[in-house]
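See below for the structure under consideration.
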Amino acid sequence: MIINSRFFNRTELIGFVALALLLFVILPLSLDIFRLNLVAKYLTYAFVGIGLVLCWGYGGILSLGQGVFFGLGGYCMAMYLKLEASSVENTKIQSTPGIPDFMDWNQLTQLPFFWKPFHSFPITLIAIMLVPGIFAFIIGAAMFKRRVGGVYFAIITQAIAAIMTILIVGQQGYTGGINGITDLRTLHGWDIRTDHAKFILYFVEVVLLFACIIAAQFIRLTKLGRILVAMREQEDRVRFSGYSVANFKIFAFCAAAIFAAIGGAMFTLEVGFMSPSFVGIVPSIEMVIYTAVGGRMSIFGAVWGSLLVNFAKTSLSESFPQLWLFGLGALFIAVVLAFPNGLSGIWQDYVQPHIDRLLASRKSKPGNGFPVTDGAPAE
Amino acid sequence: MFGDYSLSDLGAIFAMQGFAGLILFSVYVLMALGLAIIFGQMGVINMAHGEFMILGAYVTWMTSNGFQQYLPSLFPGYFFLAMILAFIASGALGMLVEWALIRHLYKRPLDTLLATWGLSLILQQAYRSLFGAREVGVELPEWMMGSWQATDAIQIPINGMFVMGLTVLITIVVAYLLFWSRWGRQVRAVVQNRVMAGAVGINTEKVDRYTFGLGCGIAGIAGSAFTMIGSTGPTAGQLYIVDTFLVVVFGGAASLVGTIASAFTISQAQSTMEFFLSGSMAKVLTLLAIVAILMMRPQGLFALKVRK
């Protein structure tokens with residue numbers, strides 16, 4: 001393997017610039033605010049996807065419980081927003097003013113203790129990262145130290161996703177139950193429901209996304225990233241070389257959890273509510289699908305996968321609701337059977353060589369036109 | 001939570017809830033037997049297992065409708081034919097899936113999980129298109145309804161006992177097939193060393209196909225039993241798949257005794273707790289306990305000692 005000392009190599013740089021152009025310039029200019037908000041919603045899954053690339057693509061740890069972390073981040077944000085929305089003036093018709101409406105409906109008379117810290121905005125921001133991080137650390141430490149991995153880890157994380165959903169749905173008074181936490185209005189006094197706010201939130205999200213991409217790229221290129229790959233290929237050899245395999249796995253899993261939580265918090269802000277339907281088994285597996293379609297080995301691929309699959313989902317289920325599940329299922333089988341590296345793999349195998357040839361011929365014949373990259377997945 | 005009940009009440013409650021849990025136990029065992037064969041013996045994670053079960057349930061529903069319309073005199077016995085048909089339908093679909101999909105993925109176990117998830121989506125939508133989104137219920141024949149009054153306080157449902165007996169029978173057949181028949185020896189040989197098994201003349205592809213087909217067929221029978229405790233809908237199978245995987249993993253994959261023991265523990269724990277707590281909390285506590293035990297003992301209750 002050629003060790004590249006640069007942060008991005010040339011093709012990655014093209015991919016980075018193409019994605020930045022698309023998200024910062026082309027989409028905001030060409031879409032109306034409703035569609036832009038949809039794109040923002042899709043992009044929240046890209047955060048989860050980037051985490052999955054690190055932990056599944058590089059580390060070989062398939063987690064089917066990313067929805068849990070997405071949900072934890074989202075719920076932390078939603079709890080803050082809900083507390084702000086249910087001030088004493090807003091809720092004076094309730095029997096206990098000042099607590100969220102669903103608590104009042106469920107005969108709670110005071111705020112549960114774990115809701116109290118979420119009155120404060122800084123604590124909320126810290127909790128969005130810390131709560132899922134600590135939770136992932138506990139799960140990871142318990143499993144990886146005992147060398148539970150592979151299939152078993154996948155099934156146990158899936159069970160955790162199931163437990164989480166049942167718990168949220170069952171504890172209506174504390175969590176809002178099946179409807180989730182709805183009717184969110186302001187963030188630190190700033191109304192998040194206006195078009196203008198949605199526009200700004202989109203850009204905040206894209207900036208955060210690029211921060212995550214760069215962080216993931218950084219992890220990937222350091223020695224840590226190489227150990228992750230080595231671990232995936234030959235776990236025992238890495239262990240015998242004196243590395244603590246469990247700690248590296250825990251790190252990758254926690255990083256993925258924190259990325260997912262950031263996505264979840266942004267989801268709450270973009271969509272305006274959070275519910276258990278984004279926590280359970282089905283959404284968790286769908287998040288894996290986005291990553292697999294984009295390419296489990298490519299950070300940019302994960303972003304493209306979330307965008308394209310969700311776009312297809314929205315447009316297909318709008319016009320052919322019957323066909324959508326057939327399509328998704330077939331897409332998934334096709335990706336697994338024929339293209340294990342997803343879209344980025346197809347790009348690398350079929351498109352990249354042509355571009356390289358074009359670039360090479362341009363070098364030999366100066367004055368040739370610049371090659372057109374149409375914003376397809378790159379890496 | 002126990003304080004409000006007298007000792008004899010508690011005894012009766014435990015007995016009643018225990019018997020009520022029997023049907024759940026039977027569905028778990030039948031589902032898990034199929035999965036244990038597929039996952040334990042072949043290493044394939046079949047996320048579409050619930051959909052194979054639901055296929056069996058739909059076949060049972062169709063058979064019962066058919067008997068009601070054309071052969072009302074034979075209706076009391078429809079269940080036996082329905083089970084056989086369910087087994088054949090699910091088994092045949094299983095063999096088809098193995099041929100089309102699974103055999104390409106034996107070296108990538110995690111990918112079988114993703115591919116079969118895609119399959120389960122397709123099957124769900126197929127059921128929805130064919131049978132409609134509404135859940136259907138099966139009418140039980142007269143002799144299966146009602147219950148047997150053991151003592152004043154204890155009632156045992158007859159269909160529960162019937163399904164239970166059926167489960168025992170199927171378990172014995174599967175155990176016989178796996179451990180004493182020629183086919184079972186071939187399956188275990190292929191599992192332990194695929195190349196070597198092929199070298200001594202075992203047709204490994206055929207063994208794989210029949211193994212997968214058998215696992216799915218048993219899921220079909222589980223679907224027949226399922227019609228007695230729940231209504232059949234396109235997505236009903238998905239609710240059971242995680243539980244079933246936990247049953248298999250908790251019992252120790254590849255161990256039939258472990259699978260049965262863990263199915264019994266889990267279904268009884270859940271059914272007993274359901275009486276005292278709400279259904280959702282009973283489920284949460286059961287699942288949490290399993291996950292906690294699995295963290296301490298990842299190999300499951302009854303692990304086979306194998307050299308890796």
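Just so we're on the same page: first chain in the structure tokens is A, next is B, and so on; residues restart at 1 for each chain, and ligands are numbered from 1 in the order they show up.
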What are the residues of chain A that have an atom within 10 Å of an atom of chain B, counting only C-alpha atoms, as a count of residues only?
60
Within 12 Å of Gln110 in chain A, counting only C-alpha atoms, which residues show up once you throw out same-chain ones fewer than 6 positions away? Write them as number ranges by chain, please.
A: 95-101, 103-104, 116, 173-174
Spatial neighbours of range 297-307 of chain A, max dist 7 Å, only C-alpha atoms, sep filter under 5 positions, as a compact mmCIF listing (two decimals) with N, CA and C atoms, in the first residue's frame:
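result.txt was written with the following content:
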```
# COMPACT_ATOMS: atom_id res chain seq x y z
N TYR A 42 -32.48 14.05 4.74
CA TYR A 42 -31.69 12.93 4.22
C TYR A 42 -30.27 12.97 4.78
N LEU A 43 -29.74 14.21 4.83
CA LEU A 43 -28.33 14.34 5.22
C LEU A 43 -28.11 13.94 6.67
N TYR A 45 -29.05 11.34 7.95
CA TYR A 45 -28.66 9.93 7.92
C TYR A 45 -27.22 9.76 7.45
N ALA A 46 -26.72 10.77 6.73
CA ALA A 46 -25.33 10.69 6.28
C ALA A 46 -24.37 10.69 7.47
N GLY A 49 -24.23 7.32 8.49
CA GLY A 49 -23.48 6.57 7.49
C GLY A 49 -21.98 6.72 7.67
N ILE A 50 -21.52 7.95 7.95
CA ILE A 50 -20.08 8.17 8.13
C ILE A 50 -19.59 7.34 9.31
N VAL A 53 -19.32 3.77 8.25
CA VAL A 53 -18.14 3.50 7.42
C VAL A 53 -16.94 3.22 8.31
N GLY A 57 -17.27 -0.50 7.84
CA GLY A 57 -16.40 -0.64 6.68
C GLY A 57 -14.96 -0.86 7.08
N TYR A 58 -14.47 0.01 8.00
CA TYR A 58 -13.06 -0.10 8.37
C TYR A 58 -12.85 -1.07 9.52
N ILE A 213 -16.98 14.67 8.21
CA ILE A 213 -16.24 14.02 7.13
C ILE A 213 -14.75 14.17 7.38
N TYR A 290 -28.36 2.43 3.61
CA TYR A 290 -27.84 3.63 2.94
C TYR A 290 -26.33 3.52 2.80
N THR A 291 -25.69 3.09 3.91
CA THR A 291 -24.24 3.00 3.88
C THR A 291 -23.78 1.95 2.88
N ASN A 341 -19.10 -3.18 -2.64
CA ASN A 341 -18.58 -1.88 -2.24
C ASN A 341 -19.48 -0.74 -2.68
N LEU A 343 -21.98 2.06 -4.47
CA LEU A 343 -21.79 3.02 -5.55
C LEU A 343 -20.35 3.43 -5.69
N SER A 344 -19.67 3.63 -4.57
CA SER A 344 -18.29 4.10 -4.67
C SER A 344 -17.42 3.02 -5.31
N PRO A 377 -20.75 9.93 -7.19
CA PRO A 377 -19.94 9.57 -6.01
C PRO A 377 -18.47 9.39 -6.35
N ALA A 378 -17.65 9.89 -5.51
CA ALA A 378 -16.23 9.84 -5.80
C ALA A 378 -15.48 9.34 -4.60
N GLU A 379 -14.47 8.65 -4.84
CA GLU A 379 -13.46 8.34 -3.83
C GLU A 379 -12.43 7.47 -4.45
```
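For Gly215 in chain B, the non-local neighbours within 7 Å, defined as residues at least 2 positions apart in the same chain or in other chains and counting only C-alpha atoms, are Gly34, Leu35, Ile37, Ile38, Thr211, Phe212, Gly213, Gly217, Ile218 and Ala219 of chain B.
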Save the residues we just selected, C-alpha atoms, as a compact mmCIF listing (two decimals), in the first residue's frame?
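Final output, saved to out_13.txt:
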```
# COMPACT_ATOMS: atom_id res chain seq x y z
CA GLY B 34 -35.43 -23.60 12.09
CA LEU B 35 -33.07 -20.75 12.84
CA ILE B 37 -30.43 -25.29 12.03
CA ILE B 38 -29.80 -22.49 9.54
CA THR B 211 -30.80 -27.97 5.30
CA PHE B 212 -31.98 -24.49 4.46
CA GLY B 213 -35.25 -25.87 3.14
CA GLY B 217 -40.18 -25.53 6.46
CA ILE B 218 -40.15 -25.73 10.24
CA ALA B 219 -40.69 -21.98 10.29
```
With a distance cut-off of 9 Å and only C-alpha atoms, select the neighbouring residues of Val245 in chain A, excluding the residue or stretch itself and same-chain residues fewer than 4 positions from it, and output the selection as a PyMOL selection string.
chain A and resi 144-145+227-228+231+235-236+238-239+249-250
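Using only C-alpha atoms, the shortest contact distance between Ile229 in chain B and any of B:Asn159, B:Gln268, B:Thr244, B:Ser64 is found at B:Asn159.
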From range 54-194 of chain B, collect each residue whose DSSP state is strand (DSSP E) and return the set as number ranges by chain.
B: 147-149, 155-157
Go ahead and dump the residues you just picked, N, CA and C atoms, as a JSON list (two decimals), in the first residue's frame.
```
[["chain", "number", "residue", "atom", "x", "y", "z"],
["B", 147, "SER", "N", -61.10, -24.98, 27.33],
["B", 147, "SER", "CA", -59.93, -25.33, 28.11],
["B", 147, "SER", "C", -60.29, -26.44, 29.08],
["B", 148, "TRP", "N", -59.26, -27.01, 29.61],
["B", 148, "TRP", "CA", -59.43, -28.14, 30.50],
["B", 148, "TRP", "C", -59.24, -27.64, 31.92],
["B", 149, "GLN", "N", -60.26, -27.93, 32.78],
["B", 149, "GLN", "CA", -60.25, -27.42, 34.14],
["B", 149, "GLN", "C", -59.46, -28.38, 35.02],
["B", 155, "GLN", "N", -56.80, -23.32, 34.72],
["B", 155, "GLN", "CA", -57.39, -23.74, 33.45],
["B", 155, "GLN", "C", -56.29, -23.86, 32.42],
["B", 156, "ILE", "N", -56.36, -24.93, 31.65],
["B", 156, "ILE", "CA", -55.33, -25.11, 30.63],
["B", 156, "ILE", "C", -55.99, -25.11, 29.26],
["B", 157, "PRO", "N", -55.61, -24.17, 28.37],
["B", 157, "PRO", "CA", -56.23, -24.15, 27.04],
["B", 157, "PRO", "C", -55.86, -25.39, 26.23]]
```
Selection near Glu139 in chain B, 9 Å with only C-alpha atoms, sequence-local residues under 6 positions removed, as a PyMOL selection string
chain B and resi 61+64-65+227-228
Convert the current residue selection to file output with C-alpha atoms, as a compact mmCIF listing (two decimals), in the first residue's frame.
```
# COMPACT_ATOMS: atom_id res chain seq x y z
CA TRP B 61 -55.42 -19.43 6.73
CA SER B 64 -58.95 -23.25 6.69
CA ASN B 65 -60.92 -21.06 4.29
CA THR B 227 -52.32 -18.51 13.79
CA MET B 228 -53.62 -19.64 17.18
```
Contact check, range 197-289 of chain B to range 73-92 of chain B, at most 6 Å, counting only C-alpha atoms, closest pairs as JSON lines:
```
{"residue": "B:Gly213", "atom": "CA", "partner": "B:Gly91", "partner_atom": "CA", "distance": 4.4}
{"residue": "B:Leu214", "atom": "CA", "partner": "B:Gly91", "partner_atom": "CA", "distance": 5.9}
{"residue": "B:Cys216", "atom": "CA", "partner": "B:Gly91", "partner_atom": "CA", "distance": 5.1}
{"residue": "B:Gly217", "atom": "CA", "partner": "B:Gly91", "partner_atom": "CA", "distance": 3.9}
{"residue": "B:Gly220", "atom": "CA", "partner": "B:Phe87", "partner_atom": "CA", "distance": 5.0}
{"residue": "B:Ile221", "atom": "CA", "partner": "B:Met83", "partner_atom": "CA", "distance": 5.5}
{"residue": "B:Ser224", "atom": "CA", "partner": "B:Met83", "partner_atom": "CA", "distance": 5.9}
```
Dump as a compact mmCIF listing (two decimals), in the first residue's frame, selection limited to N, CA and C atoms:
```txt
# COMPACT_ATOMS: atom_id res chain seq x y z
N GLY B 213 -33.84 -25.60 3.38
CA GLY B 213 -35.25 -25.87 3.14
C GLY B 213 -35.93 -26.40 4.39
N LEU B 214 -35.26 -27.30 5.11
CA LEU B 214 -35.85 -27.86 6.34
C LEU B 214 -36.07 -26.77 7.38
N CYS B 216 -36.50 -23.60 6.92
CA CYS B 216 -37.61 -22.73 6.53
C CYS B 216 -38.94 -23.47 6.65
N GLY B 217 -38.95 -24.75 6.34
CA GLY B 217 -40.18 -25.53 6.46
C GLY B 217 -40.67 -25.57 7.89
N GLY B 220 -42.40 -22.61 8.68
CA GLY B 220 -43.77 -22.65 8.16
C GLY B 220 -44.71 -23.30 9.15
N ILE B 221 -44.27 -24.40 9.78
CA ILE B 221 -45.11 -25.05 10.80
C ILE B 221 -45.30 -24.10 11.98
N SER B 224 -48.12 -22.03 11.31
CA SER B 224 -49.40 -22.66 11.58
C SER B 224 -49.78 -22.50 13.05
```
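If you look at CA of Met164 in chain B and CA of Leu22 in chain B, they are 6.6 Å away from each other.
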